[in-house]
Amino acid sequence: GGDSLWVDKHRPTTRADLCMHPKKAQELYDWLAAARAHAALGLPHPQRALVLSGPPGCAKSAALAAVAAELHMDVLSWTAPRSMDPLDPSGDREARLSEFERFLRSASRAPALALVGPGKEGHEEQGPRPRLAVVYELPTLAAGQADAEANLAAAVSRAVAAAVQPIVFECANDTGPGQAQWLLGPACLGGDPSLQGRVAHVACNAVAPTLLRKALR
């Protein structure tokens with residue numbers, strides 16, 4: 001309508017609308033399509049999780065939303081509401097971590113099958129709509145919190161190991177806790193032998209001016 005915000009009116013709804021490089025958008029689509037096919041059968045994809053990294057403004061969130069819509073997936077998202085700094089008056093660090101891990105477990109498990117059909121006889125099983133758990137921001141850690149960092153890494157590893165529905169961690173390329181290189185490195189997922197080969201990575205670049213002009217036409 002006339003009162004719609006510009007950002008909503010022009011929100012990308014397919015890969016063709018994105019200002020992301022087509023190769024990266026295709027990598028994201030291919031991974032999610034394979035994960036969706038497994039999840040629809042209640043089976044985990046061999047790669048349980050994807051780390052989607054890149055600088056701010058490179059269309060990571062828009063690409064995830066567009067591809068998930070194309071694939072008819074329900075998106076359950078997490079954005080850390082508070083930090084895990086023990087000096088943060090907004091709450092207890094252990095409670096924040098438990099809340100985060102509960103979200104991952106719930107969002108990435110297989111939903112129950114829906115039974116449809118007349119009466120008690122002849123029910124047909126209808127496959128559940130696959131879900132996508134998206135973590136837009138991990139709980140914030142203050143510098144020097146080695147125990148909190150280890151607990152966060154353990155929570156992430158446990159969730160990925162048990163996931164049936166796919167999990168995407170969207171983050172920057174930085175090396176700090178919660179960022180792409182930390183997630184993929186030995187301090188977190190890369191240090192768990194049981195997860196070797198189980199985590200994919202799509203690294204996006206800054207949006208090229210030519211792609212941005214094309215998207216704005």
# chains A, B, ... in the order shown; residues from 1 in each chain; ligands from 1
call {"tool": "closest_atom_pairs", "arguments": {"of": "region 147-168 of chain A", "to": "region 178-198 of chain A", "cutoff": "7 Å", "atoms": "only C-alpha atoms", "output": "CSV"}}
result
residue,atom,partner,partner_atom,distance
A:Ala153,CA,A:Cys188,CA,4.8
A:Ser157,CA,A:Leu189,CA,5.8
A:Ala161,CA,A:Leu195,CA,6.8
call {"tool": "write_last_selection", "arguments": {"atoms": "N, CA, C and O atoms", "output": "compact mmCIF listing (two decimals), in the first residue's frame"}}
result
# COMPACT_ATOMS: atom_id res chain seq x y z
N ALA A 153 31.07 -22.38 23.12
CA ALA A 153 31.53 -23.29 22.07
C ALA A 153 30.92 -24.68 22.26
O ALA A 153 30.50 -25.33 21.28
N SER A 157 28.45 -26.64 19.64
CA SER A 157 28.83 -27.96 19.12
C SER A 157 27.76 -29.00 19.42
O SER A 157 27.43 -29.83 18.55
N ALA A 161 25.68 -31.01 16.48
CA ALA A 161 25.79 -32.47 16.43
C ALA A 161 24.41 -33.13 16.46
O ALA A 161 24.20 -34.17 15.84
call {"tool": "residues_around", "arguments": {"residues": "region 64-80 of chain A", "least_positions_apart": "4", "cutoff": "8 Å", "atoms": "only C-alpha atoms", "output": "list in words"}}
result
Pro12, Thr13, Thr14, Arg15, Leu28, Tyr29, Leu32, Ala33, Arg36, Lys60, Phe100, Phe103, Ala107, Arg129, Pro130, Arg131, Leu132, Ala133, Val134, Val135, Tyr136, Glu137, Leu138, Pro139 and Thr140 of chain A
call {"tool": "write_last_selection", "arguments": {"atoms": "N, CA and C atoms", "output": "short mmCIF file (atom, residue, chain, number, x, y, z; two decimals), in the first residue's frame"}}
result
data_model
loop_
_atom_site.label_atom_id
_atom_site.label_comp_id
_atom_site.auth_asym_id
_atom_site.auth_seq_id
_atom_site.Cartn_x
_atom_site.Cartn_y
_atom_site.Cartn_z
N PRO A 12 13.86 -8.10 -1.25
CA PRO A 12 14.07 -9.20 -2.21
C PRO A 12 13.23 -10.41 -1.82
N THR A 13 12.62 -11.04 -2.83
CA THR A 13 11.81 -12.22 -2.57
C THR A 13 12.33 -13.46 -3.28
N THR A 14 13.27 -13.26 -4.22
CA THR A 14 13.91 -14.39 -4.91
C THR A 14 15.39 -14.08 -5.08
N ARG A 15 16.15 -15.09 -5.48
CA ARG A 15 17.58 -14.87 -5.71
C ARG A 15 17.83 -13.81 -6.78
N LEU A 28 24.43 -20.69 -1.42
CA LEU A 28 23.48 -20.69 -0.30
C LEU A 28 22.24 -21.50 -0.66
N TYR A 29 21.72 -21.29 -1.86
CA TYR A 29 20.53 -22.02 -2.29
C TYR A 29 20.80 -23.53 -2.35
N LEU A 32 20.95 -25.01 1.21
CA LEU A 32 19.64 -25.04 1.86
C LEU A 32 18.69 -26.02 1.17
N ALA A 33 18.76 -26.13 -0.15
CA ALA A 33 17.89 -27.06 -0.86
C ALA A 33 18.21 -28.51 -0.46
N ARG A 36 17.03 -28.98 3.09
CA ARG A 36 15.57 -29.08 3.12
C ARG A 36 15.11 -30.48 2.71
N LYS A 60 23.48 -10.67 3.49
CA LYS A 60 23.38 -12.01 4.09
C LYS A 60 21.96 -12.29 4.55
N PHE A 100 19.89 -19.64 24.96
CA PHE A 100 20.41 -19.81 23.61
C PHE A 100 20.42 -21.28 23.20
N PHE A 103 16.95 -22.62 22.47
CA PHE A 103 16.48 -22.20 21.16
C PHE A 103 17.04 -23.12 20.07
N ALA A 107 14.63 -25.39 17.75
CA ALA A 107 14.47 -24.98 16.36
C ALA A 107 15.01 -26.00 15.38
N ARG A 129 6.50 -29.10 7.32
CA ARG A 129 7.18 -28.02 6.61
C ARG A 129 8.56 -27.85 7.24
N PRO A 130 9.63 -28.01 6.47
CA PRO A 130 10.98 -27.92 7.05
C PRO A 130 11.24 -26.56 7.69
N ARG A 131 12.05 -26.59 8.74
CA ARG A 131 12.40 -25.36 9.45
C ARG A 131 13.85 -25.01 9.21
N LEU A 132 14.14 -23.75 9.36
CA LEU A 132 15.51 -23.25 9.28
C LEU A 132 15.78 -22.42 10.52
N ALA A 133 16.75 -22.85 11.33
CA ALA A 133 17.15 -22.08 12.51
C ALA A 133 18.27 -21.12 12.09
N VAL A 134 18.05 -19.83 12.30
CA VAL A 134 19.03 -18.82 11.92
C VAL A 134 19.48 -18.07 13.17
N VAL A 135 20.78 -18.07 13.40
CA VAL A 135 21.36 -17.32 14.51
C VAL A 135 22.01 -16.07 13.93
N TYR A 136 21.37 -14.92 14.15
CA TYR A 136 21.89 -13.67 13.60
C TYR A 136 23.00 -13.08 14.45
N GLU A 137 23.03 -13.47 15.70
CA GLU A 137 24.06 -12.92 16.58
C GLU A 137 24.19 -13.85 17.79
N LEU A 138 25.39 -14.31 18.05
CA LEU A 138 25.62 -15.14 19.22
C LEU A 138 25.67 -14.28 20.48
N PRO A 139 25.44 -14.88 21.65
CA PRO A 139 25.55 -14.10 22.89
C PRO A 139 26.90 -13.40 22.99
N THR A 140 26.87 -12.15 23.40
CA THR A 140 28.07 -11.34 23.46
C THR A 140 28.97 -11.75 24.62
#
call {"tool": "atom_distance", "arguments": {"atom1": "CA of Ala59 (chain A)", "atom2": "CA of Glu149 (chain A)"}}
result
28.0 Å
call {"tool": "closest_residue", "arguments": {"among": "A:Ile167, A:Leu43, A:Val156, A:Cys204", "to": "Ala25 (chain A)", "atoms": "only C-alpha atoms"}}
result
A:Cys204
call {"tool": "closest_residue", "arguments": {"among": "A:His21, A:Arg102, A:Arg109, A:His201", "to": "Cys171 (chain A)", "atoms": "only C-alpha atoms"}}
result
A:His201
call {"tool": "residues_around", "arguments": {"residues": "Leu52 (chain A)", "least_positions_apart": "2", "cutoff": "7 Å", "atoms": "only C-alpha atoms", "output": "number ranges by chain"}}
result
A: 50, 168-171, 201-203
call {"tool": "write_last_selection", "arguments": {"atoms": "C-alpha atoms", "output": "JSON list (two decimals), in the first residue's frame"}}
result
[["chain", "number", "residue", "atom", "x", "y", "z"],
["A", 50, "LEU", "CA", 26.27, -23.41, 7.65],
["A", 168, "VAL", "CA", 22.70, -21.13, 9.82],
["A", 169, "PHE", "CA", 25.05, -18.89, 11.81],
["A", 170, "GLU", "CA", 25.19, -15.46, 10.20],
["A", 171, "CYS", "CA", 28.23, -13.51, 11.31],
["A", 201, "HIS", "CA", 30.88, -22.09, 4.95],
["A", 202, "VAL", "CA", 29.68, -19.50, 2.45],
["A", 203, "ALA", "CA", 31.84, -16.38, 2.59]]
call {"tool": "atom_distance", "arguments": {"atom1": "CA of Ala150 (chain A)", "atom2": "CA of Ala200 (chain A)"}}
result
21.5 Å
call {"tool": "atom_distance", "arguments": {"atom1": "CA of Val51 (chain A)", "atom2": "CA of Ala35 (chain A)"}}
result
13.8 Å
call {"tool": "closest_residue", "arguments": {"among": "A:Cys58, A:Ala159, A:Val207, A:Ala172", "to": "Ser106 (chain A)", "atoms": "only C-alpha atoms"}}
result
A:Ala159
